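Here the structure is laid out as structure tokens; the discussion comes afterwards.
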Amino acid sequence: MKPSTEHPPTSSRPRLMDQVRNAIRAKHYSIRTEQAYITWILKYIYYHKKRHPREMGEAEINQFLTHLSVDRHVSASTQNQALCAIIFLYKHVLGIEIGDLGDIIWAKKPQRLPVVFNRQEVRMVLERLSGVYWIMGMLLYGSGLRLRECLQLRVKDIDFEYKQIIVRDAKGGKDRVTVLSDRVLEALKKQLEFVKKLHDKDVKDGYGEVYLPYGLERKYPNMNKELGWQYIFPAAKLSMDPRSGEQRRHHILDTSLQRAVKEAIRGAGIVKHGSCHTFRHSFATHLLEDGYDIRTVQELLGHSNVNTTMIYTHVMKKGGLGVKSPADG
């Protein structure tokens with residue numbers, strides 16, 4: 001890519017970061033992705049003394065990535081996220097194709113086995129969660145949900161008759177179906193009763209709207225007030241939607257659940273480096289231990305490639321790939 005010194009007329013085009021936001025929203029990226037991309041693009045520009053990206057190329061991109069790796073000691077996934085943001089800027093905003101970027105450095109992620117709770121550890125952690133956090137913990141473990149998938153569940157996504165959950169727009173933009181545990185049914189029904197009462201109050205107070213994805217709000221103006229679209233785990237207070245500016249009730253913050261799980265792990269005396277995602281790893285591992293086939297587990301987790309699911313076969317309770325130690329002979 002040859003750096004260009006030609007700048008488009010500023011009077012006829014929005015500012016660069018506004019162009020980035022418009023491009024991100026046109027592709028229906030999440031607000032979190034938008035915020036992350038904006039942050040990395042600004043850091044890239046400020047690192048190079050506010051030079052316009054059109055004046056820079058692969059050399060400047062690699063300099064910035066090297067700075068992140070060597071000086072800032074960021075992880076491989078963080079470095080790759082920064083690169084994705086910069087590539088998005090060049091490809092979708094500046095119109096410079098990915099093939100023109102030259103030899104860009106992609107950080108290689110280390111291959112690590114997932115941390116898994118054994119069944120006793122799962123019980124110990126769940127016993128130390130209460131109220132809505134217990135329900136969420138049960139869904140993380142009993143249904144194999146990712147943290148964001150759990151937080152973004154809507155009332156309409158729960159099918160009590162078939163005991164299943166429809167996970168909408170999951171990682172990779174895919175929908176999937178997963179199992180709903182019997183143990184959480186009654187508590188979940190009571191939670192939905194609470195959601196209905198809270199929603200009725202919001203509507204009475206002149207609110208009751210919720211964020212709808214992919215322009216559904218424009219196509220169906222009143223759908224955002226329907227009970228089925230309300231979050232199952234609503235926030236305690238109304239907040240301003242950062243994109244629309246409307247006062248709405250969002251879902252519980254991810255940090256609140258993460259904090260509750262961390263405290264439960266610590267309270268259980270578990271020294272493993274566990275987190276909310278450890279429940280998902282445990283879900284997959286325990287299903288395989290119970291004899292379910294790898295393809296079924298792959299579908300429940302929503303993995304595109306079965307090789308991703310295969311990693312759980314290395315952490316099953318038989319350990320050591322099923323080999324008996326010669327010390328036990």
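Chain identifiers are assigned as A, B, and so on, following the order in which chains appear in the structure tokens; residues are numbered from 1 within each chain, and ligands are numbered from 1 in order of appearance.
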Each residue of range 58-176 of chain A with at least one atom at most 10 Å from range 18-36 of chain A should appear once, together with its nearest atom pair and the corresponding distance in Å (one decimal); atoms considered: only C-alpha atoms; ordering: chain, then increasing residue number; output as JSON lines.
{"residue": "A:Gln81", "atom": "CA", "partner": "A:Ala36", "partner_atom": "CA", "distance": 8.3}
{"residue": "A:Ala82", "atom": "CA", "partner": "A:Ala36", "partner_atom": "CA", "distance": 8.3}
{"residue": "A:Ala85", "atom": "CA", "partner": "A:Ala36", "partner_atom": "CA", "distance": 7.9}
{"residue": "A:Phe88", "atom": "CA", "partner": "A:Val20", "partner_atom": "CA", "distance": 8.5}
{"residue": "A:Leu89", "atom": "CA", "partner": "A:Val20", "partner_atom": "CA", "distance": 6.7}
{"residue": "A:Tyr90", "atom": "CA", "partner": "A:Val20", "partner_atom": "CA", "distance": 9.9}
{"residue": "A:His92", "atom": "CA", "partner": "A:Ala23", "partner_atom": "CA", "distance": 6.7}
{"residue": "A:Val93", "atom": "CA", "partner": "A:Val20", "partner_atom": "CA", "distance": 6.1}
{"residue": "A:Leu94", "atom": "CA", "partner": "A:Gln19", "partner_atom": "CA", "distance": 9.2}
{"residue": "A:Gly173", "atom": "CA", "partner": "A:Tyr29", "partner_atom": "CA", "distance": 9.8}
Could you pull out the strand (DSSP E or B) residues of range 32-247 of chain A from DSSP and send them as a list in words? Arg154, Ile158, Asp159, Gln164, Ile165, Ile166, Val167, Arg176, Val177, Thr178, Val179, Tyr231, Pro234, Ser239, Met240 and Gln247 of chain A
Tell me which of A:Thr78, A:Thr255, A:Thr296, A:Ser130 sits closest to Cys276 in chain A, counting only C-alpha atoms. A:Thr255
Among range 8-246 of chain A, which residues does DSSP mark as alpha helix (DSSP H) when it is run on the backbone? Keep the chain and numbering as in the structure and answer as a PyMOL selection string. chain A and resi 16-26+31-47+58-66+76-88+119-127+131-142+147-151+185-204+216-219
Please provide as number ranges by chain all residues within 10 Å of His273 in chain A, with the sequence filter that same-chain residues fewer than 2 positions apart are discarded (counting only C-alpha atoms). A: 115-117, 262, 265-266, 270-271, 275, 278
Considering only C-alpha atoms, return as a compact mmCIF listing (two decimals) with N, CA and C atoms, in the first residue's frame whatever protein or nucleic-acid residues lie within 10 Å of Tyr133 in chain A, sequence-local ones (same chain, fewer than 3 positions apart) excluded.
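The resulting file, out.txt, is reproduced below:
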# COMPACT_ATOMS: atom_id res chain seq x y z
N LEU A 126 -21.95 -22.59 42.59
CA LEU A 126 -23.37 -22.25 42.45
C LEU A 126 -24.05 -22.06 43.81
N ARG A 128 -22.88 -20.65 46.26
CA ARG A 128 -22.50 -19.33 46.78
C ARG A 128 -23.04 -18.19 45.94
N LEU A 129 -23.82 -18.52 44.94
CA LEU A 129 -24.54 -17.51 44.16
C LEU A 129 -26.00 -17.49 44.63
N SER A 130 -26.61 -16.33 44.60
CA SER A 130 -28.00 -16.24 45.06
C SER A 130 -28.80 -15.34 44.12
N MET A 136 -28.45 -17.02 36.54
CA MET A 136 -27.51 -16.79 35.45
C MET A 136 -26.38 -17.82 35.48
N GLY A 137 -25.90 -18.14 36.68
CA GLY A 137 -24.87 -19.16 36.80
C GLY A 137 -25.36 -20.52 36.32
N MET A 138 -26.60 -20.83 36.63
CA MET A 138 -27.19 -22.08 36.17
C MET A 138 -27.31 -22.13 34.65
N LEU A 139 -27.59 -21.01 34.03
CA LEU A 139 -27.69 -20.96 32.57
C LEU A 139 -26.31 -21.07 31.91
N PHE A 233 -32.86 -10.40 32.19
CA PHE A 233 -32.11 -9.90 33.35
C PHE A 233 -31.93 -8.39 33.20
N SER A 256 -21.10 -7.02 36.81
CA SER A 256 -21.77 -7.42 38.06
C SER A 256 -21.82 -8.93 38.20
N LEU A 257 -22.10 -9.64 37.10
CA LEU A 257 -22.10 -11.10 37.14
C LEU A 257 -20.68 -11.63 37.30
N GLN A 258 -19.74 -11.04 36.60
CA GLN A 258 -18.34 -11.47 36.72
C GLN A 258 -17.85 -11.34 38.15
N ALA A 260 -19.72 -11.34 40.90
CA ALA A 260 -20.41 -12.31 41.75
C ALA A 260 -19.79 -13.70 41.61
N VAL A 261 -19.45 -14.09 40.37
CA VAL A 261 -18.86 -15.40 40.15
C VAL A 261 -17.46 -15.47 40.75
To one decimal place, how far is CA of Ser75 in chain A from CA of Gln111 in chain A in Å?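 Separation between CA of Ser75 in chain A and CA of Gln111 in chain A: 12.8 Å.
Closest approach to Gly142 in chain A among A:Asp182, A:Glu246, A:Glu263, A:Glu127 is made by A:Asp182 (distances from only C-alpha atoms).
Proximity ranking of A:Arg295, A:Arg218, A:Arg259, A:Arg280 relative to Arg146 in chain A places A:Arg280 first, based on only C-alpha atoms.
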Do a neighbour search on Glu289 in chain A at 12 Å with only C-alpha atoms, toss out local chain neighbours closer than 2 positions, and write the hits as an NGL selection string. :A and (118-119 or 282-287 or 291-294 or 297 or 312-319)
One decimal, Å: what's the distance from CA of Ser244 in chain A over to CA of Pro221 in chain A, could you say?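 Computing the Euclidean distance for CA of Ser244 in chain A and CA of Pro221 in chain A yields 13.9 Å.
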